[in-house]
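entry-v2.csv, holding CSV, N, CA and C atoms and all ligand atoms:
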chain,number,residue,atom,x,y,z
A,202,MET,N,0.8,-1.2,0.0
A,202,MET,CA,0.0,0.0,0.0
A,202,MET,C,0.9,1.2,0.0
A,203,SER,N,0.7,2.1,-1.0
A,203,SER,CA,1.5,3.3,-1.0
A,203,SER,C,0.6,4.5,-1.2
A,204,LYS,N,0.8,5.5,-0.4
A,204,LYS,CA,0.1,6.7,-0.5
A,204,LYS,C,1.0,7.8,-0.9
A,205,PRO,N,0.4,8.9,-1.5
A,205,PRO,CA,1.3,10.0,-2.0
A,205,PRO,C,2.0,10.7,-0.8
A,206,CYS,N,3.2,11.1,-1.0
A,206,CYS,CA,4.0,11.7,0.1
A,206,CYS,C,3.4,13.1,0.4
A,207,PRO,N,3.2,13.4,1.7
A,207,PRO,CA,2.7,14.7,2.1
A,207,PRO,C,3.5,15.9,1.6
A,208,CYS,N,4.8,15.7,1.2
A,208,CYS,CA,5.6,16.8,0.8
A,208,CYS,C,5.3,17.2,-0.7
A,209,THR,N,4.3,16.5,-1.2
A,209,THR,CA,3.8,16.8,-2.6
A,209,THR,C,4.9,16.7,-3.7
A,210,SER,N,5.8,15.7,-3.5
A,210,SER,CA,6.8,15.5,-4.4
A,210,SER,C,6.3,14.7,-5.6
A,211,LYS,N,5.1,14.2,-5.5
A,211,LYS,CA,4.5,13.3,-6.5
A,211,LYS,C,5.0,11.9,-6.4
A,212,SER,N,5.9,11.6,-5.5
A,212,SER,CA,6.3,10.3,-5.2
A,212,SER,C,5.5,9.7,-4.1
A,213,THR,N,5.6,8.4,-3.8
A,213,THR,CA,4.9,7.9,-2.7
A,213,THR,C,5.6,8.0,-1.4
A,214,TYR,N,4.9,8.0,-0.3
A,214,TYR,CA,5.5,8.2,1.0
A,214,TYR,C,6.6,7.2,1.3
A,215,ASP,N,6.4,6.0,1.0
A,215,ASP,CA,7.4,4.9,1.3
A,215,ASP,C,8.7,5.1,0.5
A,216,ARG,N,8.6,5.8,-0.7
A,216,ARG,CA,9.7,6.0,-1.5
A,216,ARG,C,10.3,7.3,-1.3
A,217,CYS,N,9.7,8.2,-0.6
A,217,CYS,CA,10.1,9.6,-0.5
A,217,CYS,C,10.6,9.9,1.0
A,218,CYS,N,9.7,10.4,1.8
A,218,CYS,CA,10.1,10.9,3.1
A,218,CYS,C,10.1,9.8,4.2
A,219,GLN,N,9.4,8.7,4.0
A,219,GLN,CA,9.2,7.8,5.1
A,219,GLN,C,10.6,7.2,5.6
A,220,PRO,N,11.5,6.8,4.7
A,220,PRO,CA,12.8,6.2,5.2
A,220,PRO,C,13.5,7.2,6.1
A,221,PHE,N,13.4,8.5,5.9
A,221,PHE,CA,14.1,9.5,6.7
A,221,PHE,C,13.4,9.6,8.1
A,222,ILE,N,12.0,9.6,8.0
A,222,ILE,CA,11.3,9.8,9.3
A,222,ILE,C,11.4,8.6,10.1
A,223,ASP,N,11.4,7.4,9.5
A,223,ASP,CA,11.6,6.1,10.3
A,223,ASP,C,13.0,5.9,10.7
A,224,GLY,N,14.0,6.8,10.3
A,224,GLY,CA,15.4,6.7,10.7
A,224,GLY,C,16.1,5.6,10.0
A,225,LYS,N,15.6,5.2,8.8
A,225,LYS,CA,16.3,4.1,8.1
A,225,LYS,C,17.4,4.7,7.2
A,226,LYS,N,17.3,6.0,6.8
A,226,LYS,CA,18.4,6.7,6.2
A,226,LYS,C,18.4,8.1,6.5
A,227,SER,N,19.5,8.8,6.2
A,227,SER,CA,19.6,10.2,6.4
A,227,SER,C,19.5,11.0,5.0
A,228,PRO,N,18.8,12.1,5.0
A,228,PRO,CA,18.7,12.8,3.8
A,228,PRO,C,20.1,13.3,3.3
A,229,GLU,N,20.4,13.1,2.1
A,229,GLU,CA,21.7,13.5,1.6
A,229,GLU,C,21.9,15.0,1.4
A,230,THR,N,20.8,15.7,1.2
A,230,THR,CA,20.8,17.1,0.9
A,230,THR,C,19.9,17.9,1.9
A,231,ALA,N,20.2,19.1,2.1
A,231,ALA,CA,19.4,20.0,2.9
A,231,ALA,C,17.9,20.1,2.4
A,232,ALA,N,17.8,20.1,1.1
A,232,ALA,CA,16.5,20.2,0.5
A,232,ALA,C,15.6,18.9,0.8
A,233,LEU,N,16.3,17.8,0.8
A,233,LEU,CA,15.5,16.5,1.2
A,233,LEU,C,15.1,16.5,2.6
A,234,LEU,N,16.0,17.1,3.5
A,234,LEU,CA,15.7,17.2,4.9
A,234,LEU,C,14.5,18.2,5.0
A,235,MET,N,14.5,19.2,4.3
A,235,MET,CA,13.4,20.2,4.3
A,235,MET,C,12.1,19.5,4.0
A,236,ARG,N,12.1,18.7,2.9
A,236,ARG,CA,10.9,18.0,2.5
A,236,ARG,C,10.4,17.1,3.6
A,237,SER,N,11.3,16.4,4.2
A,237,SER,CA,10.9,15.4,5.2
A,237,SER,C,10.4,16.1,6.4
A,238,ARG,N,10.9,17.3,6.7
A,238,ARG,CA,10.4,18.0,7.9
A,238,ARG,C,9.0,18.5,7.6
A,239,PHE,N,8.7,18.9,6.4
A,239,PHE,CA,7.4,19.3,6.0
A,239,PHE,C,6.4,18.1,6.2
A,240,THR,N,6.9,17.0,5.7
A,240,THR,CA,6.1,15.8,5.9
A,240,THR,C,5.8,15.5,7.4
A,241,ALA,N,6.9,15.6,8.2
A,241,ALA,CA,6.8,15.4,9.6
A,241,ALA,C,5.8,16.3,10.3
A,242,TYR,N,5.8,17.6,9.8
A,242,TYR,CA,4.7,18.5,10.3
A,242,TYR,C,3.3,18.0,9.9
A,243,ALA,N,3.2,17.6,8.7
A,243,ALA,CA,1.9,17.1,8.2
A,243,ALA,C,1.4,15.9,8.9
A,244,LEU,N,2.3,15.0,9.3
A,244,LEU,CA,1.9,13.8,10.0
A,244,LEU,C,2.1,13.9,11.5
A,245,GLY,N,2.5,15.0,12.0
A,245,GLY,CA,2.7,15.1,13.5
A,245,GLY,C,3.8,14.3,14.1
A,246,LYS,N,4.9,14.1,13.3
A,246,LYS,CA,6.0,13.3,13.7
A,246,LYS,C,7.0,14.2,14.5
A,247,VAL,N,6.6,14.5,15.7
A,247,VAL,CA,7.3,15.5,16.5
A,247,VAL,C,8.7,15.0,16.9
A,248,ASP,N,8.9,13.7,17.1
A,248,ASP,CA,10.2,13.2,17.4
A,248,ASP,C,11.2,13.5,16.3
A,249,TYR,N,10.7,13.3,15.1
A,249,TYR,CA,11.6,13.6,13.9
A,249,TYR,C,11.9,15.1,13.8
A,250,LEU,N,10.9,15.9,14.1
A,250,LEU,CA,11.2,17.4,14.1
A,250,LEU,C,12.2,17.8,15.1
A,251,LEU,N,12.1,17.2,16.3
A,251,LEU,CA,13.1,17.5,17.3
A,251,LEU,C,14.5,17.0,17.0
A,252,ARG,N,14.5,15.7,16.4
A,252,ARG,CA,15.8,15.1,16.1
A,252,ARG,C,16.5,15.8,15.0
A,253,THR,N,15.8,16.5,14.1
A,253,THR,CA,16.4,17.1,12.9
A,253,THR,C,16.5,18.6,13.2
A,254,THR,N,16.5,19.0,14.4
A,254,THR,CA,16.7,20.4,14.7
A,254,THR,C,18.1,20.5,15.4
A,255,GLU,N,18.9,21.5,15.1
A,255,GLU,CA,20.2,21.7,15.6
A,255,GLU,C,20.1,21.8,17.2
A,256,ALA,N,21.1,21.3,17.9
A,256,ALA,CA,21.0,21.2,19.3
A,256,ALA,C,20.6,22.4,20.1
A,257,THR,N,21.2,23.5,19.8
A,257,THR,CA,20.9,24.8,20.6
A,257,THR,C,19.5,25.2,20.4
A,258,GLU,N,19.0,25.1,19.1
A,258,GLU,CA,17.6,25.4,18.8
A,258,GLU,C,16.7,24.4,19.4
A,259,ARG,N,17.1,23.1,19.4
A,259,ARG,CA,16.2,22.1,19.9
A,259,ARG,C,15.9,22.3,21.4
A,260,ALA,N,16.9,22.8,22.1
A,260,ALA,CA,16.7,23.1,23.5
A,260,ALA,C,15.6,24.1,23.8
A,261,LYS,N,15.4,25.0,22.8
A,261,LYS,CA,14.3,26.0,22.9
A,261,LYS,C,12.9,25.5,22.6
A,262,LEU,N,12.9,24.3,22.0
A,262,LEU,CA,11.6,23.8,21.5
A,262,LEU,C,10.8,23.1,22.7
A,263,ASP,N,9.5,23.2,22.6
A,263,ASP,CA,8.7,22.6,23.6
A,263,ASP,C,7.9,21.5,22.9
A,264,ARG,N,8.0,20.3,23.3
A,264,ARG,CA,7.4,19.2,22.6
A,264,ARG,C,5.9,19.3,22.5
A,265,GLU,N,5.3,19.7,23.6
A,265,GLU,CA,3.8,19.9,23.6
A,265,GLU,C,3.3,21.0,22.7
A,266,GLU,N,4.1,22.1,22.7
A,266,GLU,CA,3.8,23.2,21.8
A,266,GLU,C,3.8,22.8,20.3
A,267,LEU,N,4.9,22.0,20.1
A,267,LEU,CA,5.1,21.5,18.7
A,267,LEU,C,4.0,20.5,18.3
A,268,THR,N,3.6,19.7,19.2
A,268,THR,CA,2.5,18.7,18.9
A,268,THR,C,1.2,19.5,18.6
A,269,GLY,N,1.0,20.5,19.5
A,269,GLY,CA,-0.2,21.4,19.3
A,269,GLY,C,-0.2,22.1,17.9
A,270,TYR,N,1.0,22.6,17.6
A,270,TYR,CA,1.1,23.3,16.3
A,270,TYR,C,0.8,22.3,15.1
A,271,CYS,N,1.4,21.1,15.2
A,271,CYS,CA,1.1,20.1,14.1
A,271,CYS,C,-0.4,19.8,14.0
A,272,LYS,N,-1.1,19.8,15.1
A,272,LYS,CA,-2.5,19.5,15.1
A,272,LYS,C,-3.3,20.7,14.5
A,273,SER,N,-2.8,21.9,14.7
A,273,SER,CA,-3.6,23.1,14.3
A,273,SER,C,-3.4,23.5,12.9
A,274,VAL,N,-2.4,22.9,12.3
A,274,VAL,CA,-2.1,23.3,10.9
A,274,VAL,C,-2.2,22.2,10.0
A,275,ARG,N,-2.8,22.5,8.8
A,275,ARG,CA,-2.8,21.4,7.8
A,275,ARG,C,-1.8,21.8,6.7
A,276,CYS,N,-0.8,20.9,6.4
A,276,CYS,CA,0.2,21.2,5.5
A,276,CYS,C,-0.3,20.8,4.1
A,277,VAL,N,-0.6,21.8,3.3
A,277,VAL,CA,-1.3,21.5,2.0
A,277,VAL,C,-0.3,21.1,0.9
A,278,SER,N,0.7,21.9,0.7
A,278,SER,CA,1.7,21.6,-0.3
A,278,SER,C,3.0,22.4,-0.1
A,279,LEU,N,4.1,21.9,-0.7
A,279,LEU,CA,5.4,22.4,-0.5
A,279,LEU,C,6.0,22.7,-1.8
A,280,LYS,N,6.7,23.8,-2.0
A,280,LYS,CA,7.4,24.1,-3.2
A,280,LYS,C,8.8,24.7,-2.8
A,281,ILE,N,9.8,24.0,-3.2
A,281,ILE,CA,11.2,24.4,-3.0
A,281,ILE,C,11.5,25.4,-4.1
A,282,ILE,N,11.8,26.7,-3.7
A,282,ILE,CA,12.0,27.7,-4.6
A,282,ILE,C,13.5,27.7,-5.1
A,283,SER,N,14.4,27.7,-4.1
A,283,SER,CA,15.8,27.7,-4.5
A,283,SER,C,16.6,27.1,-3.4
A,284,THR,N,17.8,26.6,-3.7
A,284,THR,CA,18.7,26.1,-2.7
A,284,THR,C,20.1,26.6,-2.9
A,285,GLU,N,20.8,26.8,-1.8
A,285,GLU,CA,22.2,27.2,-2.0
A,285,GLU,C,23.1,26.3,-1.1
A,286,LYS,N,24.1,25.7,-1.7
A,286,LYS,CA,24.9,24.6,-1.1
A,286,LYS,C,23.9,23.5,-0.6
A,287,GLY,N,24.2,23.0,0.6
A,287,GLY,CA,23.3,21.9,1.2
A,287,GLY,C,23.4,20.6,0.4
A,288,GLY,N,24.5,20.4,-0.4
A,288,GLY,CA,24.6,19.2,-1.1
A,288,GLY,C,25.4,18.1,-0.3
A,289,PRO,N,25.6,16.9,-0.9
A,289,PRO,CA,26.3,15.9,-0.2
A,289,PRO,C,27.7,16.2,0.3
A,290,ALA,N,28.3,17.2,-0.4
A,290,ALA,CA,29.7,17.6,0.0
A,290,ALA,C,29.8,18.8,0.9
A,291,ASP,N,28.6,19.4,1.2
A,291,ASP,CA,28.6,20.6,2.0
A,291,ASP,C,28.3,20.4,3.5
A,292,ASP,N,28.7,21.4,4.2
A,292,ASP,CA,28.4,21.4,5.7
A,292,ASP,C,27.4,22.3,6.1
A,293,LEU,N,27.0,23.2,5.2
A,293,LEU,CA,25.9,24.1,5.5
A,293,LEU,C,25.1,24.4,4.2
A,294,GLY,N,23.9,24.9,4.4
A,294,GLY,CA,23.1,25.2,3.2
A,294,GLY,C,21.9,26.0,3.5
A,295,THR,N,21.3,26.6,2.5
A,295,THR,CA,20.0,27.2,2.7
A,295,THR,C,19.0,26.7,1.7
A,296,VAL,N,17.8,26.8,2.1
A,296,VAL,CA,16.7,26.3,1.3
A,296,VAL,C,15.6,27.4,1.4
A,297,LYS,N,15.1,27.9,0.2
A,297,LYS,CA,14.0,28.8,0.2
A,297,LYS,C,12.8,28.0,-0.3
A,298,PHE,N,11.7,28.2,0.5
A,298,PHE,CA,10.5,27.4,0.1
A,298,PHE,C,9.2,28.1,0.4
A,299,HIS,N,8.2,27.7,-0.3
A,299,HIS,CA,6.8,28.2,-0.1
A,299,HIS,C,6.1,27.0,0.4
A,300,ALA,N,5.5,27.2,1.6
A,300,ALA,CA,4.6,26.1,2.2
A,300,ALA,C,3.2,26.6,2.2
A,301,SER,N,2.3,25.9,1.5
A,301,SER,CA,0.9,26.3,1.6
A,301,SER,C,0.3,25.6,2.8
A,302,LEU,N,-0.2,26.4,3.7
A,302,LEU,CA,-0.8,25.8,5.0
A,302,LEU,C,-2.2,26.2,5.1
A,303,GLN,N,-2.9,25.5,6.0
A,303,GLN,CA,-4.2,25.9,6.3
A,303,GLN,C,-4.3,25.9,7.9
A,304,VAL,N,-4.4,27.1,8.4
A,304,VAL,CA,-4.4,27.3,9.9
A,304,VAL,C,-5.8,27.7,10.3
A,305,ASN,N,-6.4,27.0,11.2
A,305,ASN,CA,-7.8,27.2,11.6
A,305,ASN,C,-8.7,27.5,10.4
A,306,GLY,N,-8.6,26.7,9.4
A,306,GLY,CA,-9.5,26.8,8.2
A,306,GLY,C,-9.1,27.9,7.2
A,307,LYS,N,-8.0,28.6,7.6
A,307,LYS,CA,-7.6,29.7,6.7
A,307,LYS,C,-6.3,29.4,5.9
A,308,ARG,N,-6.3,29.6,4.6
A,308,ARG,CA,-5.1,29.3,3.8
A,308,ARG,C,-4.1,30.4,4.1
A,309,GLN,N,-2.8,29.9,4.2
A,309,GLN,CA,-1.7,30.8,4.4
A,309,GLN,C,-0.5,30.3,3.6
A,310,LEU,N,0.2,31.3,3.0
A,310,LEU,CA,1.4,30.9,2.3
A,310,LEU,C,2.6,31.3,3.2
A,311,HIS,N,3.3,30.3,3.6
A,311,HIS,CA,4.5,30.5,4.4
A,311,HIS,C,5.7,30.5,3.6
A,312,VAL,N,6.4,31.7,3.5
A,312,VAL,CA,7.6,31.8,2.7
A,312,VAL,C,8.8,31.8,3.7
A,313,GLU,N,9.8,31.0,3.5
A,313,GLU,CA,10.9,30.9,4.4
A,313,GLU,C,12.2,30.6,3.8
A,314,LEU,N,13.2,31.3,4.3
A,314,LEU,CA,14.6,30.9,3.9
A,314,LEU,C,15.2,30.2,5.1
A,315,SER,N,15.4,28.9,5.0
A,315,SER,CA,15.9,28.1,6.1
A,315,SER,C,17.3,27.9,6.0
A,316,ARG,N,18.0,27.8,7.2
A,316,ARG,CA,19.4,27.5,7.3
A,316,ARG,C,19.6,26.1,7.9
A,317,PHE,N,20.5,25.3,7.3
A,317,PHE,CA,20.7,24.0,7.7
A,317,PHE,C,22.3,23.8,7.9
A,318,VAL,N,22.6,22.9,8.8
A,318,VAL,CA,24.0,22.6,9.0
A,318,VAL,C,24.1,21.1,9.2
A,319,ARG,N,25.3,20.6,9.1
A,319,ARG,CA,25.5,19.1,9.4
A,319,ARG,C,25.8,19.0,10.9
A,320,GLU,N,25.2,18.1,11.6
A,320,GLU,CA,25.5,17.8,13.0
A,320,GLU,C,25.8,16.3,13.0
A,321,ASN,N,26.9,15.9,13.4
A,321,ASN,CA,27.4,14.5,13.4
A,321,ASN,C,27.1,13.8,12.1
A,322,GLY,N,27.4,14.6,11.0
A,322,GLY,CA,27.2,14.0,9.7
A,322,GLY,C,25.9,14.1,9.0
A,323,ALA,N,24.9,14.4,9.8
A,323,ALA,CA,23.5,14.5,9.3
A,323,ALA,C,23.0,15.9,9.2
A,324,TRP,N,22.2,16.2,8.2
A,324,TRP,CA,21.6,17.5,8.1
A,324,TRP,C,20.6,17.8,9.2
A,325,VAL,N,20.7,19.0,9.8
A,325,VAL,CA,19.7,19.5,10.7
A,325,VAL,C,19.3,20.9,10.4
A,326,TYR,N,18.1,21.2,10.9
A,326,TYR,CA,17.6,22.6,10.6
A,326,TYR,C,18.1,23.5,11.7
A,327,VAL,N,18.5,24.7,11.4
A,327,VAL,CA,18.9,25.7,12.4
A,327,VAL,C,17.8,26.6,12.7
A,328,ASP,N,17.6,27.5,11.7
A,328,ASP,CA,16.5,28.5,11.8
A,328,ASP,C,16.2,29.1,10.4
A,329,GLY,N,15.2,30.0,10.4
A,329,GLY,CA,14.9,30.5,9.1
A,329,GLY,C,14.3,31.9,9.2
A,330,ASP,N,14.4,32.7,8.1
A,330,ASP,CA,13.7,34.0,8.0
A,330,ASP,C,12.5,33.8,7.2
A,331,SER,N,11.4,34.2,7.8
A,331,SER,CA,10.1,34.1,7.0
A,331,SER,C,9.6,35.5,6.8
A,332,ASN,N,8.8,35.6,5.8
A,332,ASN,CA,8.1,36.9,5.5
A,332,ASN,C,6.8,36.6,4.9
B,1,ZN,ZN,8.3,13.4,0.6
Represent the structure contained in this file as structure tokens.
Ligand SMILES: [Zn+2]
Amino acid sequence: MSKPCPCTSKSTYDRCCQPFIDGKKSPETAALLMRSRFTAYALGKVDYLLRTTEATERAKLDREELTGYCKSVRCVSLKIISTEKGGPADDLGTVKFHASLQVNGKRQLHVELSRFVRENGAWVYVDGDSN
């Protein structure tokens, strides 16, 4: 049984973000991590969101708050606009994306430039500028 991946990649979940969320493999690029985090928001995979946040930033996160946020928002679609570095040979990178969300029944377009670094070899999210 294969369902479409919530990151709207047009691939199926089991071939797209699931192996990352299940911890079976690590995303090779910052953009793939970005996609899988969008999927984790969509599915309420809070453990994955925490695990893929850089340590200092992770310390500021509240698990319950994050769980509540995942429940309040519907992640409709994701579009990666541009990426800078963030490849298999890089240690940092940025990803600009548009996330179409529905919050309390209202459509919202979330535009963010996110920063990613490698932590113990795996990509993690640091923070982002949204407008
Ligand atoms: Zn996906």
If you run DSSP on the backbone, which residues of range 211-245 of chain A are alpha helix (DSSP H), as a VMD selection string? chain A and resid 219 to 222 231 to 244
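What separates atom N of Glu255 in chain A from atom C of Lys307 in chain A is a distance of 28.0 Å.
For the residues A:Val274, A:Ser210, A:Ala241, A:Lys204, ranking by smallest atom-to-atom distance to Ile222 in chain A using only N, CA and C atoms places A:Ala241 first.
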For ligand ZN 1 (chain B), collect every residue having any atom at a distance of at most 8 Å from a ligand atom (counting all atoms listed in the file); output as a ChimeraX atom specification. /A:205-219,233,235-240
Please, which residues of chain A, numbered as in this document, come out strand (DSSP E) from DSSP, as a PyMOL selection string? chain A and resi 274-286+293-304+307-320+323-331
N, CA and C atoms of the current selection, written as a short mmCIF file (atom, residue, chain, number, x, y, z; two decimals), in the frame of the given file:
data_model
loop_
_atom_site.label_atom_id
_atom_site.label_comp_id
_atom_site.auth_asym_id
_atom_site.auth_seq_id
_atom_site.Cartn_x
_atom_site.Cartn_y
_atom_site.Cartn_z
N VAL A 274 -2.40 22.90 12.30
CA VAL A 274 -2.10 23.30 10.90
C VAL A 274 -2.20 22.20 10.00
N ARG A 275 -2.80 22.50 8.80
CA ARG A 275 -2.80 21.40 7.80
C ARG A 275 -1.80 21.80 6.70
N CYS A 276 -0.80 20.90 6.40
CA CYS A 276 0.20 21.20 5.50
C CYS A 276 -0.30 20.80 4.10
N VAL A 277 -0.60 21.80 3.30
CA VAL A 277 -1.30 21.50 2.00
C VAL A 277 -0.30 21.10 0.90
N SER A 278 0.70 21.90 0.70
CA SER A 278 1.70 21.60 -0.30
C SER A 278 3.00 22.40 -0.10
N LEU A 279 4.10 21.90 -0.70
CA LEU A 279 5.40 22.40 -0.50
C LEU A 279 6.00 22.70 -1.80
N LYS A 280 6.70 23.80 -2.00
CA LYS A 280 7.40 24.10 -3.20
C LYS A 280 8.80 24.70 -2.80
N ILE A 281 9.80 24.00 -3.20
CA ILE A 281 11.20 24.40 -3.00
C ILE A 281 11.50 25.40 -4.10
N ILE A 282 11.80 26.70 -3.70
CA ILE A 282 12.00 27.70 -4.60
C ILE A 282 13.50 27.70 -5.10
N SER A 283 14.40 27.70 -4.10
CA SER A 283 15.80 27.70 -4.50
C SER A 283 16.60 27.10 -3.40
N THR A 284 17.80 26.60 -3.70
CA THR A 284 18.70 26.10 -2.70
C THR A 284 20.10 26.60 -2.90
N GLU A 285 20.80 26.80 -1.80
CA GLU A 285 22.20 27.20 -2.00
C GLU A 285 23.10 26.30 -1.10
N LYS A 286 24.10 25.70 -1.70
CA LYS A 286 24.90 24.60 -1.10
C LYS A 286 23.90 23.50 -0.60
N LEU A 293 27.00 23.20 5.20
CA LEU A 293 25.90 24.10 5.50
C LEU A 293 25.10 24.40 4.20
N GLY A 294 23.90 24.90 4.40
CA GLY A 294 23.10 25.20 3.20
C GLY A 294 21.90 26.00 3.50
N THR A 295 21.30 26.60 2.50
CA THR A 295 20.00 27.20 2.70
C THR A 295 19.00 26.70 1.70
N VAL A 296 17.80 26.80 2.10
CA VAL A 296 16.70 26.30 1.30
C VAL A 296 15.60 27.40 1.40
N LYS A 297 15.10 27.90 0.20
CA LYS A 297 14.00 28.80 0.20
C LYS A 297 12.80 28.00 -0.30
N PHE A 298 11.70 28.20 0.50
CA PHE A 298 10.50 27.40 0.10
C PHE A 298 9.20 28.10 0.40
N HIS A 299 8.20 27.70 -0.30
CA HIS A 299 6.80 28.20 -0.10
C HIS A 299 6.10 27.00 0.40
N ALA A 300 5.50 27.20 1.60
CA ALA A 300 4.60 26.10 2.20
C ALA A 300 3.20 26.60 2.20
N SER A 301 2.30 25.90 1.50
CA SER A 301 0.90 26.30 1.60
C SER A 301 0.30 25.60 2.80
N LEU A 302 -0.20 26.40 3.70
CA LEU A 302 -0.80 25.80 5.00
C LEU A 302 -2.20 26.20 5.10
N GLN A 303 -2.90 25.50 6.00
CA GLN A 303 -4.20 25.90 6.30
C GLN A 303 -4.30 25.90 7.90
N VAL A 304 -4.40 27.10 8.40
CA VAL A 304 -4.40 27.30 9.90
C VAL A 304 -5.80 27.70 10.30
N LYS A 307 -8.00 28.60 7.60
CA LYS A 307 -7.60 29.70 6.70
C LYS A 307 -6.30 29.40 5.90
N ARG A 308 -6.30 29.60 4.60
CA ARG A 308 -5.10 29.30 3.80
C ARG A 308 -4.10 30.40 4.10
N GLN A 309 -2.80 29.90 4.20
CA GLN A 309 -1.70 30.80 4.40
C GLN A 309 -0.50 30.30 3.60
N LEU A 310 0.20 31.30 3.00
CA LEU A 310 1.40 30.90 2.30
C LEU A 310 2.60 31.30 3.20
N HIS A 311 3.30 30.30 3.60
CA HIS A 311 4.50 30.50 4.40
C HIS A 311 5.70 30.50 3.60
N VAL A 312 6.40 31.70 3.50
CA VAL A 312 7.60 31.80 2.70
C VAL A 312 8.80 31.80 3.70
N GLU A 313 9.80 31.00 3.50
CA GLU A 313 10.90 30.90 4.40
C GLU A 313 12.20 30.60 3.80
N LEU A 314 13.20 31.30 4.30
CA LEU A 314 14.60 30.90 3.90
C LEU A 314 15.20 30.20 5.10
N SER A 315 15.40 28.90 5.00
CA SER A 315 15.90 28.10 6.10
C SER A 315 17.30 27.90 6.00
N ARG A 316 18.00 27.80 7.20
CA ARG A 316 19.40 27.50 7.30
C ARG A 316 19.60 26.10 7.90
N PHE A 317 20.50 25.30 7.30
CA PHE A 317 20.70 24.00 7.70
C PHE A 317 22.30 23.80 7.90
N VAL A 318 22.60 22.90 8.80
CA VAL A 318 24.00 22.60 9.00
C VAL A 318 24.10 21.10 9.20
N ARG A 319 25.30 20.60 9.10
CA ARG A 319 25.50 19.10 9.40
C ARG A 319 25.80 19.00 10.90
N GLU A 320 25.20 18.10 11.60
CA GLU A 320 25.50 17.80 13.00
C GLU A 320 25.80 16.30 13.00
N ALA A 323 24.90 14.40 9.80
CA ALA A 323 23.50 14.50 9.30
C ALA A 323 23.00 15.90 9.20
N TRP A 324 22.20 16.20 8.20
CA TRP A 324 21.60 17.50 8.10
C TRP A 324 20.60 17.80 9.20
N VAL A 325 20.70 19.00 9.80
CA VAL A 325 19.70 19.50 10.70
C VAL A 325 19.30 20.90 10.40
N TYR A 326 18.10 21.20 10.90
CA TYR A 326 17.60 22.60 10.60
C TYR A 326 18.10 23.50 11.70
N VAL A 327 18.50 24.70 11.40
CA VAL A 327 18.90 25.70 12.40
C VAL A 327 17.80 26.60 12.70
N ASP A 328 17.60 27.50 11.70
CA ASP A 328 16.50 28.50 11.80
C ASP A 328 16.20 29.10 10.40
N GLY A 329 15.20 30.00 10.40
CA GLY A 329 14.90 30.50 9.10
C GLY A 329 14.30 31.90 9.20
N ASP A 330 14.40 32.70 8.10
CA ASP A 330 13.70 34.00 8.00
C ASP A 330 12.50 33.80 7.20
N SER A 331 11.40 34.20 7.80
CA SER A 331 10.10 34.10 7.00
C SER A 331 9.60 35.50 6.80
#
Would you list the contacts of Thr230 in chain A as a compact mmCIF listing (two decimals) with N, CA and C atoms, in the frame of the given file, taking every protein, DNA or RNA residue within 6 Å and counting only C-alpha atoms, but skipping same-chain residues closer than 2 positions in sequence?
# COMPACT_ATOMS: atom_id res chain seq x y z
N PRO A 228 18.80 12.10 5.00
CA PRO A 228 18.70 12.80 3.80
C PRO A 228 20.10 13.30 3.30
N ALA A 232 17.80 20.10 1.10
CA ALA A 232 16.50 20.20 0.50
C ALA A 232 15.60 18.90 0.80
N LEU A 233 16.30 17.80 0.80
CA LEU A 233 15.50 16.50 1.20
C LEU A 233 15.10 16.50 2.60
N GLY A 287 24.20 23.00 0.60
CA GLY A 287 23.30 21.90 1.20
C GLY A 287 23.40 20.60 0.40
N GLY A 288 24.50 20.40 -0.40
CA GLY A 288 24.60 19.20 -1.10
C GLY A 288 25.40 18.10 -0.30
N PRO A 289 25.60 16.90 -0.90
CA PRO A 289 26.30 15.90 -0.20
C PRO A 289 27.70 16.20 0.30
So that I can see what lies close to Asp330 in chain A, please list as a compact mmCIF listing (two decimals) with N, CA and C atoms, in the coordinates of the input the residues with an atom at most 6.5 Å from it, counting only N, CA and C atoms and leaving out residues fewer than 6 positions away in the same chain.
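Listing of out-v9.txt after writing:
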# COMPACT_ATOMS: atom_id res chain seq x y z
N VAL A 312 6.40 31.70 3.50
CA VAL A 312 7.60 31.80 2.70
C VAL A 312 8.80 31.80 3.70
N GLU A 313 9.80 31.00 3.50
CA GLU A 313 10.90 30.90 4.40
C GLU A 313 12.20 30.60 3.80
N LEU A 314 13.20 31.30 4.30
CA LEU A 314 14.60 30.90 3.90
C LEU A 314 15.20 30.20 5.10
N SER A 315 15.40 28.90 5.00
CA SER A 315 15.90 28.10 6.10
C SER A 315 17.30 27.90 6.00
N ARG A 316 18.00 27.80 7.20
CA ARG A 316 19.40 27.50 7.30
C ARG A 316 19.60 26.10 7.90
Any idea what the distance is between atom C of Trp324 in chain A and CA of Arg275 in chain A? 23.7 Å
Give me the residues near Glu285 in chain A as number ranges by chain, where near means some atom within 6.5 Å (using all atoms listed in the file) and where sequence neighbours in that chain fewer than 6 positions away do not count. A: 293-297
Distance of CA of Thr268 in chain A from CA of Gln309 in chain A, expressed in Å to one decimal place: 19.3 Å
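Of the residues listed (A:Ala300, A:Val318, A:Val247, A:Ala256), A:Ala300 shows the shortest atom-to-atom separation from Ser278 in chain A; distances use only N, CA and C atoms.
With only C-alpha atoms as the atoms that count, the minimum distance from Arg319 in chain A to the choices A:Ser203, A:Leu234, A:Thr284, A:Cys271 is reached by A:Leu234.
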Hey, which of A:Ser283, A:Asp328, A:Tyr270, A:Ser227 ends up closest to Tyr242 in chain A? Count only N, CA and C atoms. A:Tyr270
What's the 6.5 Å shell around Ser273 in chain A, counting all atoms listed in the file, without same-chain residues fewer than 5 positions away, as a PyMOL selection string? chain A and resi 268+303-305
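Selecting by distance to (0.1, 31.0, 6.2) with a limit of 6 Å and using only C-alpha atoms, one obtains Leu302, Arg308, Gln309, Leu310 and His311 of chain A.
With all atoms listed in the file as the atoms that count, the minimum distance from Lys272 in chain A to the choices A:Phe317, A:Leu244, A:Pro220, A:Ser331 is reached by A:Leu244.
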